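The structure appears right after this line, and notes come after that.
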Amino acid sequence: MSDPADLVDDAVAATVTALQPTTDFDWTQRTTDLTWSVFQTAEHIASCFIGYAGQITGQPARGWAIPDIALEPDTKPSQAVACIGAAGGILASVVRTASPGARGYHPYGTSDPDGFAAMGIVETLVHTYDIRQTAGQPWTLPARPSAFAVQRLFPDAPDGAPADVLLWCTGRIPLGELPRRTTWRWDGTVRD
């Protein structure tokens, strides 16, 4: 499988490209199936990237090394997309240069750089899917980053196309005979 940092880069590039057509869309409306607005969903993606990078570098045993970041309320959608790209680049750089032995707290399991890379991939791909659904613009998640995220964070996932399996694992779609999940959680714990 590809380097996790490269897969973060791939996911971020796919997100930035996918969100460009939505920047003329009303980002104040609620994101489909979430309680956040589209703007808040984009802000969440960027905040996760920075937060996960901080967990890798700060290596806290409990709590967050960097609290949530917040975009200014007058931030334009195109600027929010640029922020996602920049924050994703920071996570990829940290994953690329971190010691494999680095560990950081996450409520779903103390994790390593690969785990935080997978978490960042889930956040950006799944929430980009959410934003595109809200804008009425269907989107297919890229397969390689999706496959890595599923393999790393959802060890009991069923077989199937990686993008569809990731969307099923995160409660977005049904998968074959499997109904859409109403609750879900990843497992970020370190795997040997």
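Labeling convention for the structure tokens: chains A, B, ... as they appear, residues from 1 per chain, ligands from 1 in order of appearance.
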Next item on the list: Would you list the contacts of Gly160 of chain A as a list in words, taking every protein, DNA or RNA residue within 12 Å and counting only C-alpha atoms, but skipping same-chain residues closer than 2 positions in sequence?
Entry: Ala143, Ser146, Ala147, Val150, Gln151, Ala157, Pro158, Pro162, Ala163, Asp164, Val165, Leu166, Leu167, Trp168, Cys169, Pro174, Leu175, Gly176, Glu177 and Leu178 of chain A
Those residues with N, CA and C atoms, as an mmCIF file, in the first residue's frame please?
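Here's the written file part38.cif:
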```cif
data_model
loop_
_atom_site.group_PDB
_atom_site.id
_atom_site.type_symbol
_atom_site.label_atom_id
_atom_site.label_comp_id
_atom_site.auth_asym_id
_atom_site.auth_seq_id
_atom_site.Cartn_x
_atom_site.Cartn_y
_atom_site.Cartn_z
ATOM 1 N N ALA A 143 -10.409 5.834 -4.538
ATOM 2 C CA ALA A 143 -10.324 4.466 -4.020
ATOM 3 C C ALA A 143 -9.133 4.225 -3.095
ATOM 4 N N SER A 146 -9.386 5.799 0.360
ATOM 5 C CA SER A 146 -10.523 5.150 1.027
ATOM 6 C C SER A 146 -10.143 3.760 1.525
ATOM 7 N N ALA A 147 -9.452 3.000 0.681
ATOM 8 C CA ALA A 147 -9.041 1.641 1.062
ATOM 9 C C ALA A 147 -8.117 1.668 2.272
ATOM 10 N N VAL A 150 -10.188 2.539 5.461
ATOM 11 C CA VAL A 150 -11.005 1.399 5.893
ATOM 12 C C VAL A 150 -10.129 0.345 6.548
ATOM 13 N N GLN A 151 -9.017 0.003 5.897
ATOM 14 C CA GLN A 151 -8.128 -1.039 6.425
ATOM 15 C C GLN A 151 -7.578 -0.647 7.797
ATOM 16 N N ALA A 157 -14.604 -4.257 8.663
ATOM 17 C CA ALA A 157 -15.400 -3.796 7.524
ATOM 18 C C ALA A 157 -15.667 -4.936 6.546
ATOM 19 N N PRO A 158 -16.815 -4.905 5.899
ATOM 20 C CA PRO A 158 -17.101 -5.917 4.882
ATOM 21 C C PRO A 158 -16.292 -5.657 3.615
ATOM 22 N N PRO A 162 -13.800 0.182 -2.146
ATOM 23 C CA PRO A 162 -13.345 0.957 -0.987
ATOM 24 C C PRO A 162 -14.158 2.215 -0.697
ATOM 25 N N ALA A 163 -14.529 2.973 -1.714
ATOM 26 C CA ALA A 163 -15.301 4.199 -1.489
ATOM 27 C C ALA A 163 -16.654 3.870 -0.873
ATOM 28 N N ASP A 164 -17.314 2.850 -1.406
ATOM 29 C CA ASP A 164 -18.624 2.465 -0.873
ATOM 30 C C ASP A 164 -18.508 1.907 0.542
ATOM 31 N N VAL A 165 -17.474 1.120 0.795
ATOM 32 C CA VAL A 165 -17.289 0.552 2.131
ATOM 33 C C VAL A 165 -17.042 1.672 3.145
ATOM 34 N N LEU A 166 -16.219 2.658 2.785
ATOM 35 C CA LEU A 166 -15.977 3.770 3.703
ATOM 36 C C LEU A 166 -17.269 4.540 3.972
ATOM 37 N N LEU A 167 -18.067 4.783 2.940
ATOM 38 C CA LEU A 167 -19.336 5.486 3.147
ATOM 39 C C LEU A 167 -20.280 4.647 4.008
ATOM 40 N N TRP A 168 -20.272 3.331 3.830
ATOM 41 C CA TRP A 168 -21.104 2.481 4.682
ATOM 42 C C TRP A 168 -20.588 2.489 6.121
ATOM 43 N N CYS A 169 -19.278 2.355 6.295
ATOM 44 C CA CYS A 169 -18.693 2.332 7.641
ATOM 45 C C CYS A 169 -19.034 3.595 8.422
ATOM 46 N N PRO A 174 -26.319 2.500 2.459
ATOM 47 C CA PRO A 174 -26.382 1.050 2.643
ATOM 48 C C PRO A 174 -25.330 0.408 1.742
ATOM 49 N N LEU A 175 -24.980 -0.833 2.023
ATOM 50 C CA LEU A 175 -23.984 -1.541 1.220
ATOM 51 C C LEU A 175 -24.539 -2.922 0.907
ATOM 52 N N GLY A 176 -24.994 -3.111 -0.329
ATOM 53 C CA GLY A 176 -25.605 -4.378 -0.704
ATOM 54 C C GLY A 176 -26.798 -4.672 0.204
ATOM 55 N N GLU A 177 -26.739 -5.803 0.865
ATOM 56 C CA GLU A 177 -27.808 -6.207 1.785
ATOM 57 C C GLU A 177 -27.684 -5.543 3.157
ATOM 58 N N LEU A 178 -26.574 -4.893 3.400
ATOM 59 C CA LEU A 178 -26.348 -4.254 4.700
ATOM 60 C C LEU A 178 -27.043 -2.897 4.740
#
```
Next item on the list: Name the residues in contact with Thr23 of chain A at a cut-off of 7 Å, using only C-alpha atoms, excluding same-chain residues fewer than 4 positions from it; report them as an NGL selection string.
Entry: :A and (19 or 77-78)
Item checked: Picked from segment 17-192 of chain A by DSSP as alpha helix (DSSP H), as a PyMOL selection string -> chain A and resi 17-19+38-58+77-97+113-134+143-153+162-169
Check: Using only C-alpha atoms, which of the listed residues (A:Ile45, A:Val94, A:Val190, A:Val16) sits closest to Thr124 of chain A?
Finding: A:Ile45
Checklist line | Separation of atom CA of Ile69 of chain A from atom CA of Gln137 of chain A, in Å and rounded to one decimal | finding: 27.4 Å
Each segment 5-75 of chain A residue no farther than 7 Å from segment 98-108 of chain A, nearest pair in Å, only C-alpha atoms, as a Markdown table:
```
| residue | atom | partner | partner_atom | distance |
| --- | --- | --- | --- | --- |
| A:Gln55 | CA | A:Gly104 | CA | 4.8 |
| A:Ile56 | CA | A:Gly104 | CA | 5.5 |
| A:Gln59 | CA | A:Gly104 | CA | 4.3 |
| A:Pro60 | CA | A:Gly104 | CA | 5.3 |
| A:Ala61 | CA | A:Tyr105 | CA | 5.3 |
| A:Arg62 | CA | A:Tyr105 | CA | 5.4 |
| A:Gly63 | CA | A:Tyr105 | CA | 6.4 |
```
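Using only C-alpha atoms, the nearest neighbour of Trp27 of chain A within the list A:Val81, A:Asp112, A:Ala14, A:Phe148 is A:Val81.
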